[in-house]
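Participant: Submitted below is the structure of interest, expressed as structure tokens.
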Amino acid sequence: MGVAWDPSGSGKTAIRVGAGISHDVVPLDLELNTESVSPFRLTVIGSGVSLDNPWAHYPGGDPFPYNYNRSNPVFAPYGSYLPVPENMKTHVEYSWNLGVRRQINPSWFVSATYLGNHTVHIWDGVE
């Protein structure tokens, strides 16, 4: 939103002010593959695998098809987890400006502008 004003009405002075609020969206890469990492998928690391019976040494036999059990989730021991809060707020940037411009003669102008901004809810990952 912005406003421009000529205080004298002569067309030689312009005062401009503006402000805005910018919102961000949840980036899709934050949610990328969340459904295919522990505990929502099965990670199988086999040892002593025989092609005749690949699941012979796996506890319980063939683990497929895998069904996620909410009461007993299985986490991979080497996994890296970034918990995402349910009520996470997106970035918000507040910006504002004030500008004054004055015509001295037909070919010279003097101008001064102030720009400001403030950003909140900046995300940072801590594992």
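To be explicit about the labels: the chains of the structure tokens are called A, B, and onward in the order shown, and within each one the residues are counted from 1, while ligands get numbers from 1 in the order they are shown.
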Skip Ile21 of chain A itself and residues of its chain fewer than 4 positions away, then list as number ranges by chain all residues within 9 Å of it, counting only C-alpha atoms.
Facilitator: A: 92-96
Participant: Neighbours of His91 of chain A within 6 Å (only C-alpha atoms; same-chain residues fewer than 6 positions away dropped), as a PyMOL selection string?
Facilitator: chain A and resi 23-24+120-122
Participant: Since we have the selection now, will you write its residues out, keeping all heavy atoms, as an mmCIF file, in the first residue's frame?
Facilitator:
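Dumped to result-v9.cif:
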```cif
data_model
loop_
_atom_site.group_PDB
_atom_site.id
_atom_site.type_symbol
_atom_site.label_atom_id
_atom_site.label_comp_id
_atom_site.auth_asym_id
_atom_site.auth_seq_id
_atom_site.Cartn_x
_atom_site.Cartn_y
_atom_site.Cartn_z
ATOM 1 N N HIS A 23 3.830 -12.524 3.179
ATOM 2 C CA HIS A 23 3.769 -13.830 3.816
ATOM 3 C C HIS A 23 4.422 -14.847 2.896
ATOM 4 O O HIS A 23 4.363 -14.735 1.679
ATOM 5 C CB HIS A 23 2.326 -14.253 4.077
ATOM 6 C CG HIS A 23 1.615 -13.364 5.040
ATOM 7 N ND1 HIS A 23 1.668 -13.571 6.397
ATOM 8 C CD2 HIS A 23 0.854 -12.267 4.856
ATOM 9 C CE1 HIS A 23 0.952 -12.644 7.003
ATOM 10 N NE2 HIS A 23 0.452 -11.825 6.093
ATOM 11 N N ASP A 24 5.008 -15.838 3.491
ATOM 12 C CA ASP A 24 5.624 -16.915 2.727
ATOM 13 C C ASP A 24 4.733 -18.142 2.832
ATOM 14 O O ASP A 24 3.810 -18.186 3.638
ATOM 15 C CB ASP A 24 7.016 -17.220 3.293
ATOM 16 C CG ASP A 24 7.912 -17.916 2.287
ATOM 17 O OD1 ASP A 24 7.413 -18.255 1.193
ATOM 18 O OD2 ASP A 24 9.084 -18.123 2.586
ATOM 19 N N VAL A 120 9.802 -11.849 10.794
ATOM 20 C CA VAL A 120 9.557 -12.690 11.968
ATOM 21 C C VAL A 120 9.273 -14.125 11.521
ATOM 22 O O VAL A 120 8.968 -14.380 10.352
ATOM 23 C CB VAL A 120 8.378 -12.161 12.819
ATOM 24 C CG1 VAL A 120 8.717 -10.819 13.441
ATOM 25 C CG2 VAL A 120 7.111 -12.059 12.004
ATOM 26 N N HIS A 121 9.381 -15.036 12.456
ATOM 27 C CA HIS A 121 9.138 -16.466 12.245
ATOM 28 C C HIS A 121 10.112 -17.061 11.230
ATOM 29 O O HIS A 121 9.720 -17.853 10.366
ATOM 30 C CB HIS A 121 7.702 -16.750 11.792
ATOM 31 C CG HIS A 121 6.660 -16.162 12.670
ATOM 32 N ND1 HIS A 121 6.573 -16.443 14.019
ATOM 33 C CD2 HIS A 121 5.645 -15.307 12.406
ATOM 34 C CE1 HIS A 121 5.556 -15.788 14.533
ATOM 35 N NE2 HIS A 121 4.986 -15.070 13.583
ATOM 36 N N ILE A 122 11.381 -16.692 11.339
ATOM 37 C CA ILE A 122 12.381 -17.268 10.442
ATOM 38 C C ILE A 122 12.707 -18.671 10.938
ATOM 39 O O ILE A 122 12.997 -18.877 12.105
ATOM 40 C CB ILE A 122 13.646 -16.393 10.395
ATOM 41 C CG1 ILE A 122 13.296 -15.008 9.850
ATOM 42 C CG2 ILE A 122 14.719 -17.050 9.547
ATOM 43 C CD1 ILE A 122 14.439 -14.037 9.869
#
```
Participant: With only C-alpha atoms as the counted atoms, please give the residues lying no more than 6 Å from segment 5-16 of chain A, apart from itself and same-chain residues fewer than 3 positions off, as a ChimeraX atom specification.
Facilitator: /A:98-103
Participant: Just how far from atom CA of Ser22 of chain A is atom CA of Met88 of chain A, in Å to one decimal?
Facilitator: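 Pair atom CA of Met88 of chain A / atom CA of Ser22 of chain A returns 16.6 Å.
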Participant: Please compute the atom CA of Pro85 of chain A-atom CA of Asn67 of chain A distance, one decimal, in Å.
Facilitator: 24.5 Å
Participant: Determine the nearest neighbour of Asn97 of chain A from the options A:Gly18, A:Val3, A:Gly60, A:Asn53, counting only C-alpha atoms.
Facilitator: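 Of A:Gly18, A:Val3, A:Gly60, A:Asn53, the one nearest Asn97 of chain A, counting only C-alpha atoms, is A:Gly18.
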Participant: Hey, which of A:Ala4, A:Val17, A:Pro59, A:Glu86 ends up closest to Leu115 of chain A? Count only C-alpha atoms.
Facilitator: A:Val17
Participant: Do you know which residues are at most 10 Å from Gly48 of chain A counting only C-alpha atoms, after dropping those on the same chain fewer than 5 positions away, and could you put them as a list in words?
Facilitator: Pro54, Trp55, Ala56, His57 and Tyr58 of chain A
Participant: Grab the residues selected above and save them as a PDB file, in the first residue's frame with all heavy atoms.
Facilitator:
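Dumped everything to part05.pdb:
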```
ATOM      1  N   PRO A  54      15.718 -64.948   0.368  1.00  0.00           N
ATOM      2  CA  PRO A  54      16.294 -63.685   0.851  1.00  0.00           C
ATOM      3  C   PRO A  54      15.852 -63.281   2.252  1.00  0.00           C
ATOM      4  O   PRO A  54      16.527 -62.512   2.912  1.00  0.00           O
ATOM      5  CB  PRO A  54      15.838 -62.656  -0.175  1.00  0.00           C
ATOM      6  CG  PRO A  54      14.751 -63.284  -0.947  1.00  0.00           C
ATOM      7  CD  PRO A  54      14.898 -64.764  -0.814  1.00  0.00           C
ATOM      8  N   TRP A  55      14.747 -63.788   2.747  1.00  0.00           N
ATOM      9  CA  TRP A  55      14.226 -63.389   4.057  1.00  0.00           C
ATOM     10  C   TRP A  55      14.487 -64.440   5.135  1.00  0.00           C
ATOM     11  O   TRP A  55      13.956 -64.354   6.235  1.00  0.00           O
ATOM     12  CB  TRP A  55      12.730 -63.090   3.983  1.00  0.00           C
ATOM     13  CG  TRP A  55      12.417 -62.068   2.934  1.00  0.00           C
ATOM     14  CD1 TRP A  55      11.736 -62.263   1.785  1.00  0.00           C
ATOM     15  CD2 TRP A  55      12.825 -60.706   2.932  1.00  0.00           C
ATOM     16  NE1 TRP A  55      11.683 -61.117   1.054  1.00  0.00           N
ATOM     17  CE2 TRP A  55      12.352 -60.126   1.747  1.00  0.00           C
ATOM     18  CE3 TRP A  55      13.550 -59.899   3.804  1.00  0.00           C
ATOM     19  CZ2 TRP A  55      12.560 -58.802   1.413  1.00  0.00           C
ATOM     20  CZ3 TRP A  55      13.756 -58.581   3.473  1.00  0.00           C
ATOM     21  CH2 TRP A  55      13.270 -58.040   2.293  1.00  0.00           C
ATOM     22  N   ALA A  56      15.320 -65.385   4.854  1.00  0.00           N
ATOM     23  CA  ALA A  56      15.574 -66.474   5.804  1.00  0.00           C
ATOM     24  C   ALA A  56      16.167 -65.969   7.117  1.00  0.00           C
ATOM     25  O   ALA A  56      15.845 -66.486   8.183  1.00  0.00           O
ATOM     26  CB  ALA A  56      16.504 -67.505   5.175  1.00  0.00           C
ATOM     27  N   HIS A  57      17.020 -64.953   7.082  1.00  0.00           N
ATOM     28  CA  HIS A  57      17.670 -64.456   8.298  1.00  0.00           C
ATOM     29  C   HIS A  57      17.014 -63.180   8.831  1.00  0.00           C
ATOM     30  O   HIS A  57      17.491 -62.593   9.793  1.00  0.00           O
ATOM     31  CB  HIS A  57      19.159 -64.189   8.036  1.00  0.00           C
ATOM     32  CG  HIS A  57      19.899 -65.407   7.614  1.00  0.00           C
ATOM     33  ND1 HIS A  57      20.127 -66.471   8.449  1.00  0.00           N
ATOM     34  CD2 HIS A  57      20.443 -65.753   6.422  1.00  0.00           C
ATOM     35  CE1 HIS A  57      20.796 -67.398   7.811  1.00  0.00           C
ATOM     36  NE2 HIS A  57      21.004 -66.997   6.564  1.00  0.00           N
ATOM     37  N   TYR A  58      15.911 -62.742   8.216  1.00  0.00           N
ATOM     38  CA  TYR A  58      15.234 -61.533   8.663  1.00  0.00           C
ATOM     39  C   TYR A  58      14.195 -61.912   9.719  1.00  0.00           C
ATOM     40  O   TYR A  58      13.397 -62.822   9.495  1.00  0.00           O
ATOM     41  CB  TYR A  58      14.565 -60.821   7.476  1.00  0.00           C
ATOM     42  CG  TYR A  58      14.070 -59.441   7.815  1.00  0.00           C
ATOM     43  CD1 TYR A  58      14.953 -58.373   7.841  1.00  0.00           C
ATOM     44  CD2 TYR A  58      12.737 -59.213   8.139  1.00  0.00           C
ATOM     45  CE1 TYR A  58      14.510 -57.097   8.170  1.00  0.00           C
ATOM     46  CE2 TYR A  58      12.285 -57.944   8.465  1.00  0.00           C
ATOM     47  CZ  TYR A  58      13.186 -56.900   8.482  1.00  0.00           C
ATOM     48  OH  TYR A  58      12.752 -55.640   8.819  1.00  0.00           O
TER      49      TYR A  58
END
```
